[in-house]
$ cat entry.pdb   # PDB, C-alpha atoms, pLDDT in the B column
ATOM      1  CA  MET A  13    -106.173  27.427 168.458  1.00 87.00           C
ATOM      2  CA  LYS A  14    -109.851  28.195 167.943  1.00 90.00           C
ATOM      3  CA  HIS A  15    -111.021  29.059 164.435  1.00 92.00           C
ATOM      4  CA  TYR A  16    -114.354  30.753 163.702  1.00 93.00           C
ATOM      5  CA  ILE A  17    -116.075  29.823 160.457  1.00 93.00           C
ATOM      6  CA  SER A  18    -119.180  31.523 159.157  1.00 93.00           C
ATOM      7  CA  ALA A  19    -121.272  29.954 156.416  1.00 93.00           C
ATOM      8  CA  LEU A  20    -124.417  31.103 154.668  1.00 94.00           C
ATOM      9  CA  VAL A  21    -126.562  28.126 153.737  1.00 94.00           C
ATOM     10  CA  ASP A  22    -129.966  27.404 152.243  1.00 94.00           C
ATOM     11  CA  ASN A  23    -132.617  27.621 154.938  1.00 94.00           C
ATOM     12  CA  LYS A  24    -134.310  24.282 154.403  1.00 92.00           C
ATOM     13  CA  ALA A  25    -134.707  20.908 156.056  1.00 91.00           C
ATOM     14  CA  GLY A  26    -131.671  18.644 156.136  1.00 90.00           C
ATOM     15  CA  VAL A  27    -128.983  21.303 155.736  1.00 91.00           C
ATOM     16  CA  LEU A  28    -127.694  21.012 159.290  1.00 88.00           C
ATOM     17  CA  ALA A  29    -127.555  17.224 158.934  1.00 89.00           C
ATOM     18  CA  ARG A  30    -125.454  17.573 155.768  1.00 88.00           C
ATOM     19  CA  VAL A  31    -123.058  20.005 157.437  1.00 88.00           C
ATOM     20  CA  SER A  32    -122.657  18.008 160.644  1.00 86.00           C
ATOM     21  CA  GLY A  33    -122.357  14.789 158.622  1.00 86.00           C
ATOM     22  CA  LEU A  34    -119.449  16.307 156.741  1.00 84.00           C
ATOM     23  CA  PHE A  35    -117.652  16.934 160.026  1.00 82.00           C
ATOM     24  CA  ALA A  36    -118.330  13.393 161.232  1.00 82.00           C
ATOM     25  CA  ARG A  37    -117.110  11.791 157.993  1.00 84.00           C
ATOM     26  CA  ARG A  38    -113.901  13.820 158.000  1.00 81.00           C
ATOM     27  CA  GLY A  39    -113.240  13.334 161.719  1.00 81.00           C
ATOM     28  CA  PHE A  40    -113.287  17.064 162.541  1.00 82.00           C
ATOM     29  CA  ASN A  41    -114.260  17.968 166.082  1.00 82.00           C
ATOM     30  CA  ILE A  42    -116.737  20.818 166.435  1.00 86.00           C
ATOM     31  CA  ASN A  43    -116.378  22.929 169.596  1.00 88.00           C
ATOM     32  CA  SER A  44    -119.483  24.944 168.859  1.00 89.00           C
ATOM     33  CA  LEU A  45    -122.153  25.099 166.179  1.00 90.00           C
ATOM     34  CA  ALA A  46    -124.920  27.697 166.038  1.00 92.00           C
ATOM     35  CA  VAL A  47    -127.527  28.094 163.314  1.00 92.00           C
ATOM     36  CA  GLY A  48    -130.095  30.809 162.775  1.00 92.00           C
ATOM     37  CA  GLU A  49    -132.144  32.421 160.056  1.00 92.00           C
ATOM     38  CA  THR A  50    -130.712  35.640 158.598  1.00 91.00           C
ATOM     39  CA  ASN A  51    -132.557  38.767 157.459  1.00 92.00           C
ATOM     40  CA  ASP A  52    -133.316  36.757 154.295  1.00 92.00           C
ATOM     41  CA  PRO A  53    -135.733  33.940 155.272  1.00 93.00           C
ATOM     42  CA  THR A  54    -134.284  31.670 152.565  1.00 94.00           C
ATOM     43  CA  VAL A  55    -130.795  31.836 154.121  1.00 94.00           C
ATOM     44  CA  SER A  56    -129.406  30.662 157.470  1.00 94.00           C
ATOM     45  CA  ARG A  57    -126.044  31.491 159.003  1.00 94.00           C
ATOM     46  CA  ILE A  58    -124.017  28.716 160.592  1.00 93.00           C
ATOM     47  CA  THR A  59    -121.227  29.721 162.933  1.00 94.00           C
ATOM     48  CA  ILE A  60    -118.778  26.903 163.601  1.00 92.00           C
ATOM     49  CA  VAL A  61    -115.900  26.910 166.061  1.00 92.00           C
ATOM     50  CA  VAL A  62    -113.201  24.291 165.536  1.00 90.00           C
ATOM     51  CA  ASP A  63    -110.028  23.688 167.494  1.00 87.00           C
ATOM     52  CA  GLY A  64    -106.849  22.963 165.589  1.00 85.00           C
ATOM     53  CA  ASP A  65    -104.119  24.418 163.468  1.00 88.00           C
ATOM     54  CA  ASP A  66    -104.519  26.511 160.315  1.00 89.00           C
ATOM     55  CA  TYR A  67    -104.550  23.362 158.173  1.00 89.00           C
ATOM     56  CA  ILE A  68    -107.661  22.050 159.970  1.00 86.00           C
ATOM     57  CA  ALA A  69    -109.451  25.389 159.570  1.00 89.00           C
ATOM     58  CA  ASP A  70    -108.543  25.492 155.887  1.00 90.00           C
ATOM     59  CA  GLN A  71    -109.773  21.924 155.340  1.00 88.00           C
ATOM     60  CA  VAL A  72    -113.079  22.593 157.119  1.00 89.00           C
ATOM     61  CA  THR A  73    -113.633  25.718 155.029  1.00 91.00           C
ATOM     62  CA  LYS A  74    -112.814  23.915 151.762  1.00 92.00           C
ATOM     63  CA  GLN A  75    -114.986  20.900 152.573  1.00 89.00           C
ATOM     64  CA  LEU A  76    -117.953  23.108 153.524  1.00 92.00           C
ATOM     65  CA  SER A  77    -117.591  25.050 150.274  1.00 92.00           C
ATOM     66  CA  LYS A  78    -118.144  21.820 148.315  1.00 91.00           C
ATOM     67  CA  LEU A  79    -121.644  21.238 149.729  1.00 91.00           C
ATOM     68  CA  PHE A  80    -124.323  22.407 147.280  1.00 91.00           C
ATOM     69  CA  VAL A  81    -126.493  23.794 150.127  1.00 92.00           C
ATOM     70  CA  VAL A  82    -123.660  26.122 151.223  1.00 93.00           C
ATOM     71  CA  ARG A  83    -123.742  29.524 149.540  1.00 93.00           C
ATOM     72  CA  THR A  84    -120.564  31.034 151.025  1.00 93.00           C
ATOM     73  CA  VAL A  85    -118.010  30.127 153.682  1.00 93.00           C
ATOM     74  CA  ARG A  86    -115.476  32.393 155.352  1.00 91.00           C
ATOM     75  CA  LEU A  87    -112.924  32.027 158.103  1.00 91.00           C
ATOM     76  CA  LEU A  88    -113.390  34.964 160.485  1.00 91.00           C
ATOM     77  CA  ASP A  89    -110.447  36.875 161.932  1.00 88.00           C
ATOM     78  CA  PRO A  90    -110.903  37.071 165.745  1.00 87.00           C
ATOM     79  CA  GLU A  91    -109.477  40.615 165.765  1.00 88.00           C
ATOM     80  CA  TYR A  92    -112.197  41.841 163.414  1.00 89.00           C
ATOM     81  CA  MET A  93    -115.294  40.111 164.733  1.00 91.00           C
ATOM     82  CA  VAL A  94    -117.781  40.318 167.555  1.00 92.00           C
ATOM     83  CA  GLN A  95    -118.415  36.957 169.185  1.00 92.00           C
ATOM     84  CA  ARG A  96    -121.015  35.996 171.809  1.00 94.00           C
ATOM     85  CA  ASP A  97    -122.293  32.982 173.723  1.00 94.00           C
ATOM     86  CA  LEU A  98    -125.538  32.780 175.679  1.00 95.00           C
ATOM     87  CA  VAL A  99    -125.945  30.703 178.828  1.00 97.00           C
ATOM     88  CA  LEU A 100    -128.801  29.926 181.205  1.00 97.00           C
ATOM     89  CA  VAL A 101    -127.722  28.595 184.606  1.00 98.00           C
ATOM     90  CA  LYS A 102    -130.121  27.275 187.229  1.00 98.00           C
ATOM     91  CA  VAL A 103    -128.590  27.388 190.716  1.00 97.00           C
ATOM     92  CA  LYS A 104    -129.919  25.897 193.938  1.00 96.00           C
ATOM     93  CA  ILE A 105    -129.703  28.519 196.679  1.00 94.00           C
ATOM     94  CA  THR A 106    -130.385  29.060 200.319  1.00 94.00           C
ATOM     95  CA  PRO A 107    -131.754  32.330 201.701  1.00 92.00           C
ATOM     96  CA  GLU A 108    -128.263  33.077 203.028  1.00 92.00           C
ATOM     97  CA  GLN A 109    -126.719  32.713 199.546  1.00 93.00           C
ATOM     98  CA  ARG A 110    -129.295  34.879 197.780  1.00 92.00           C
ATOM     99  CA  GLY A 111    -127.467  38.173 198.486  1.00 92.00           C
ATOM    100  CA  GLU A 112    -124.103  36.786 197.353  1.00 93.00           C
ATOM    101  CA  ILE A 113    -125.550  35.626 194.076  1.00 94.00           C
ATOM    102  CA  TYR A 114    -127.407  38.905 193.530  1.00 94.00           C
ATOM    103  CA  ASP A 115    -124.081  40.730 193.951  1.00 95.00           C
ATOM    104  CA  LEU A 116    -122.360  38.380 191.498  1.00 95.00           C
ATOM    105  CA  VAL A 117    -125.177  38.828 188.966  1.00 95.00           C
ATOM    106  CA  LYS A 118    -124.912  42.609 189.240  1.00 95.00           C
ATOM    107  CA  ILE A 119    -121.105  42.681 188.934  1.00 96.00           C
ATOM    108  CA  MET A 120    -121.066  40.317 185.934  1.00 96.00           C
ATOM    109  CA  GLY A 121    -123.939  42.089 184.163  1.00 96.00           C
ATOM    110  CA  CYS A 122    -126.218  39.051 184.192  1.00 96.00           C
ATOM    111  CA  GLU A 123    -129.975  38.931 184.475  1.00 96.00           C
ATOM    112  CA  ILE A 124    -132.102  36.827 186.799  1.00 96.00           C
ATOM    113  CA  VAL A 125    -134.850  35.411 184.596  1.00 97.00           C
ATOM    114  CA  ASP A 126    -136.553  33.053 187.070  1.00 97.00           C
ATOM    115  CA  ILE A 127    -136.660  32.777 190.819  1.00 95.00           C
ATOM    116  CA  SER A 128    -138.233  30.366 193.276  1.00 95.00           C
ATOM    117  CA  HIS A 129    -137.802  29.716 196.989  1.00 93.00           C
ATOM    118  CA  THR A 130    -134.845  27.421 196.331  1.00 95.00           C
ATOM    119  CA  THR A 131    -133.525  28.293 192.853  1.00 96.00           C
ATOM    120  CA  LEU A 132    -132.383  31.156 190.649  1.00 95.00           C
ATOM    121  CA  MET A 133    -132.035  31.068 186.886  1.00 97.00           C
ATOM    122  CA  ILE A 134    -129.424  33.408 185.488  1.00 98.00           C
ATOM    123  CA  GLU A 135    -129.116  34.526 181.870  1.00 97.00           C
ATOM    124  CA  PHE A 136    -125.827  35.844 180.541  1.00 97.00           C
ATOM    125  CA  ASP A 137    -124.452  36.617 177.117  1.00 96.00           C
ATOM    126  CA  ASP A 138    -120.904  37.700 176.470  1.00 95.00           C
ATOM    127  CA  ARG A 139    -117.599  36.507 175.027  1.00 93.00           C
ATOM    128  CA  THR A 140    -116.813  32.853 175.713  1.00 91.00           C
ATOM    129  CA  PRO A 141    -114.150  33.540 178.390  1.00 92.00           C
ATOM    130  CA  LYS A 142    -116.572  35.661 180.441  1.00 95.00           C
ATOM    131  CA  VAL A 143    -119.318  33.029 180.149  1.00 96.00           C
ATOM    132  CA  ASN A 144    -116.803  30.442 181.346  1.00 95.00           C
ATOM    133  CA  LEU A 145    -115.839  32.740 184.245  1.00 97.00           C
ATOM    134  CA  LEU A 146    -119.474  33.075 185.330  1.00 97.00           C
ATOM    135  CA  ILE A 147    -119.910  29.301 185.331  1.00 96.00           C
ATOM    136  CA  ASP A 148    -116.713  28.921 187.331  1.00 97.00           C
ATOM    137  CA  LEU A 149    -117.852  31.508 189.896  1.00 96.00           C
ATOM    138  CA  LEU A 150    -121.260  29.840 190.219  1.00 96.00           C
ATOM    139  CA  SER A 151    -119.689  26.421 190.687  1.00 95.00           C
ATOM    140  CA  LYS A 152    -119.243  27.101 194.404  1.00 94.00           C
ATOM    141  CA  TYR A 153    -123.044  26.880 194.598  1.00 94.00           C
ATOM    142  CA  GLU A 154    -125.045  23.879 193.496  1.00 95.00           C
ATOM    143  CA  ILE A 155    -125.577  24.231 189.752  1.00 97.00           C
ATOM    144  CA  LEU A 156    -128.682  22.234 188.826  1.00 97.00           C
ATOM    145  CA  GLU A 157    -128.705  22.810 185.066  1.00 97.00           C
ATOM    146  CA  ILE A 158    -126.777  24.671 182.398  1.00 97.00           C
ATOM    147  CA  VAL A 159    -127.659  25.261 178.771  1.00 96.00           C
ATOM    148  CA  ARG A 160    -125.437  27.175 176.345  1.00 93.00           C
ATOM    149  CA  THR A 161    -125.823  28.294 172.810  1.00 90.00           C
ATOM    150  CA  GLY A 162    -123.042  27.835 170.367  1.00 87.00           C
ATOM    151  CA  THR A 163    -120.861  30.812 169.604  1.00 90.00           C
ATOM    152  CA  ILE A 164    -122.281  33.350 167.187  1.00 91.00           C
ATOM    153  CA  SER A 165    -120.130  35.949 165.476  1.00 90.00           C
ATOM    154  CA  LEU A 166    -120.147  38.659 162.840  1.00 88.00           C
ATOM    155  CA  GLN A 167    -117.449  40.696 161.176  1.00 85.00           C
ATOM    156  CA  LYS A 168    -117.028  44.217 162.573  1.00 86.00           C
ATOM    157  CA  GLY A 169    -117.541  47.338 160.457  1.00 82.00           C
ATOM    158  CA  GLU A 170    -119.715  48.351 157.561  1.00 72.00           C
ATOM    159  CA  GLY A 171    -119.100  45.503 155.128  1.00 64.00           C
ATOM    160  CA  THR A 172    -119.907  41.858 155.520  1.00 63.00           C
ATOM    161  CA  VAL A 173    -117.414  39.049 155.620  1.00 54.00           C
ATOM    162  CA  TYR A 174    -118.953  37.843 152.361  1.00 59.00           C
ATOM    163  CA  ASP A 175    -118.141  41.088 150.490  1.00 54.00           C
ATOM    164  CA  ARG A 176    -114.492  39.993 150.229  1.00 45.00           C
ATOM    165  CA  GLU A 177    -113.616  37.298 147.776  1.00 45.00           C
ATOM    166  CA  GLU A 178    -110.651  35.163 148.665  1.00 42.00           C
TER     167      GLU A 178
END
$ encode --input "entry.pdb" --output "structure tokens"
Amino acid sequence: MKHYISALVDNKAGVLARVSGLFARRGFNINSLAVGETNDPTVSRITIVVDGDDYIADQVTKQLSKLFVVRTVRLLDPEYMVQRDLVLVKVKITPEQRGEIYDLVKIMGCEIVDISHTTLMIEFDDRTPKVNLLIDLLSKYEILEIVRTGTISLQKGEGTVYDREE
């Protein structure tokens, strides 16, 4: 089962190394890790996706909480969060394939962000399963390159996940 963990950390050099080092030392496997500055320039948000049972998620959350650079850590409930991935896919195409791919891009709600005589670059952001579906559908063409962000997520509603104390 996938678990989504959101942590607010100090926005300074070395924080990501400390967090990822913790995972390496403990033998936890990270499926996805995304980091970005928040509305407060002194704070970054790290969204971590780990695969495992509830015990693994609990251990990751507890271990992160012990790091002095971590301000708060919360396990997000998938029912009460919005989650997104971003992908760029560069596909080799022939003139005959161009129309097919344009149709696919339109149906999936993607955007073509670069085009040449022999390639298209497609940008898409959505929930992980839909991003995976796009990649699967494009696999019948020659995919030259793919780059994905890690999953990002926020709690739904007016409050923040950090308003609740556990």
$ resolve_selection --input "entry.pdb" --expression "the PyMOL selection byres ((chain A and resi 39-56) around 9)" --output "list of chain:residue names"
A:Lys14, A:Ala19, A:Leu20, A:Val21, A:Asp22, A:Asn23, A:Lys24, A:Leu28, A:Ser32, A:Leu34, A:Phe35, A:Ala36, A:Arg37, A:Arg38, A:Arg57, A:Ile58, A:Thr59, A:Ile60, A:Val61, A:Val62, A:Asp63, A:Gly64, A:Ile68, A:Val72, A:Arg83, A:Thr161, A:Gly162, A:Thr163, A:Ile164
$ residues_around --input "entry.pdb" --residues "Leu88 in chain A" --least-positions-apart "6" --cutoff "10 Å" --atoms "only C-alpha atoms" --output "ChimeraX atom specification"
/A:15-18,59,94,165-167,173
$ closest_residue --input "entry.pdb" --among "A:Val159, A:Leu79, A:Gly111, A:Arg96" --to "Thr140 in chain A" --atoms "all atoms listed in the file"
A:Arg96
$ resolve_selection --input "entry.pdb" --expression "the PyMOL selection byres ((chain A and resi 92) around 7)" --output "PDB file with C-alpha atoms, in the frame of the given file"
ATOM      1  CA  ASP A  89    -110.447  36.875 161.932  1.00 88.00           C
ATOM      2  CA  PRO A  90    -110.903  37.071 165.745  1.00 87.00           C
ATOM      3  CA  GLU A  91    -109.477  40.615 165.765  1.00 88.00           C
ATOM      4  CA  MET A  93    -115.294  40.111 164.733  1.00 91.00           C
ATOM      5  CA  GLN A 167    -117.449  40.696 161.176  1.00 85.00           C
ATOM      6  CA  LYS A 168    -117.028  44.217 162.573  1.00 86.00           C
TER       7      LYS A 168
END
$ closest_residue --input "entry.pdb" --among "A:Val143, A:Leu150, A:Leu156, A:Val27" --to "Gln95 in chain A" --atoms "all atoms listed in the file"
A:Val143
$ atom_distance --input "entry.pdb" --atom1 "CA of Ser128 in chain A" --atom2 "CA of Leu100 in chain A"
15.3 Å
$ residues_around --input "entry.pdb" --residues "Ile155 in chain A" --least-positions-apart "3" --cutoff "10 Å" --atoms "only C-alpha atoms" --output "list of chain:residue names"
A:Val101, A:Lys102, A:Val103, A:Lys104, A:Ile105, A:Thr131, A:Leu132, A:Met133, A:Ile147, A:Leu150, A:Ser151, A:Lys152, A:Ile158
$ atom_distance --input "entry.pdb" --atom1 "CA of Thr130 in chain A" --atom2 "CA of Arg110 in chain A"
9.4 Å
$ closest_residue --input "entry.pdb" --among "A:Thr73, A:Ala29, A:Leu98, A:Tyr153" --to "Arg139 in chain A" --atoms "only C-alpha atoms"
A:Leu98
$ decode --input "entry.pdb" --residues "range 19-35 of chain A" --atoms "N, CA and C atoms" --output "CSV table (one decimal), in the first residue's frame"
chain,number,residue,atom,x,y,z
A,19,ALA,N,6.1,16.6,5.0
A,19,ALA,CA,6.9,17.2,6.0
A,19,ALA,C,7.3,18.6,5.7
A,20,LEU,N,7.2,19.5,6.7
A,20,LEU,CA,7.8,20.8,6.6
A,20,LEU,C,9.1,20.8,7.2
A,21,VAL,N,10.1,21.3,6.4
A,21,VAL,CA,11.5,21.3,6.9
A,21,VAL,C,12.1,22.7,6.7
A,22,ASP,N,13.3,22.9,7.4
A,22,ASP,CA,14.0,24.1,7.1
A,22,ASP,C,14.5,24.2,5.7
A,23,ASN,N,14.4,25.3,5.1
A,23,ASN,CA,14.8,25.5,3.7
A,23,ASN,C,16.3,25.9,3.7
A,24,LYS,N,17.1,25.0,3.8
A,24,LYS,CA,18.6,25.3,3.8
A,24,LYS,C,19.4,24.1,3.3
A,25,ALA,N,20.6,24.4,2.9
A,25,ALA,CA,21.4,23.4,2.3
A,25,ALA,C,21.6,22.1,3.2
A,26,GLY,N,21.6,21.0,2.7
A,26,GLY,CA,21.9,19.7,3.4
A,26,GLY,C,20.6,19.0,4.0
A,27,VAL,N,19.5,19.7,3.9
A,27,VAL,CA,18.3,19.1,4.5
A,27,VAL,C,17.9,17.8,3.8
A,28,LEU,N,17.8,17.9,2.4
A,28,LEU,CA,17.4,16.8,1.7
A,28,LEU,C,18.4,15.6,1.9
A,29,ALA,N,19.7,15.9,2.0
A,29,ALA,CA,20.7,14.8,2.2
A,29,ALA,C,20.4,14.2,3.6
A,30,ARG,N,20.0,14.9,4.6
A,30,ARG,CA,19.7,14.4,5.9
A,30,ARG,C,18.5,13.4,5.8
A,31,VAL,N,17.5,13.9,5.1
A,31,VAL,CA,16.2,13.2,5.0
A,31,VAL,C,16.5,11.9,4.2
A,32,SER,N,17.1,12.0,3.1
A,32,SER,CA,17.3,10.8,2.3
A,32,SER,C,18.3,9.9,2.9
A,33,GLY,N,19.3,10.4,3.7
A,33,GLY,CA,20.2,9.5,4.4
A,33,GLY,C,19.5,8.7,5.5
A,34,LEU,N,18.5,9.3,6.1
A,34,LEU,CA,17.7,8.6,7.1
A,34,LEU,C,17.0,7.4,6.5
A,35,PHE,N,16.5,7.6,5.3
A,35,PHE,CA,15.8,6.5,4.6
A,35,PHE,C,16.8,5.4,4.3
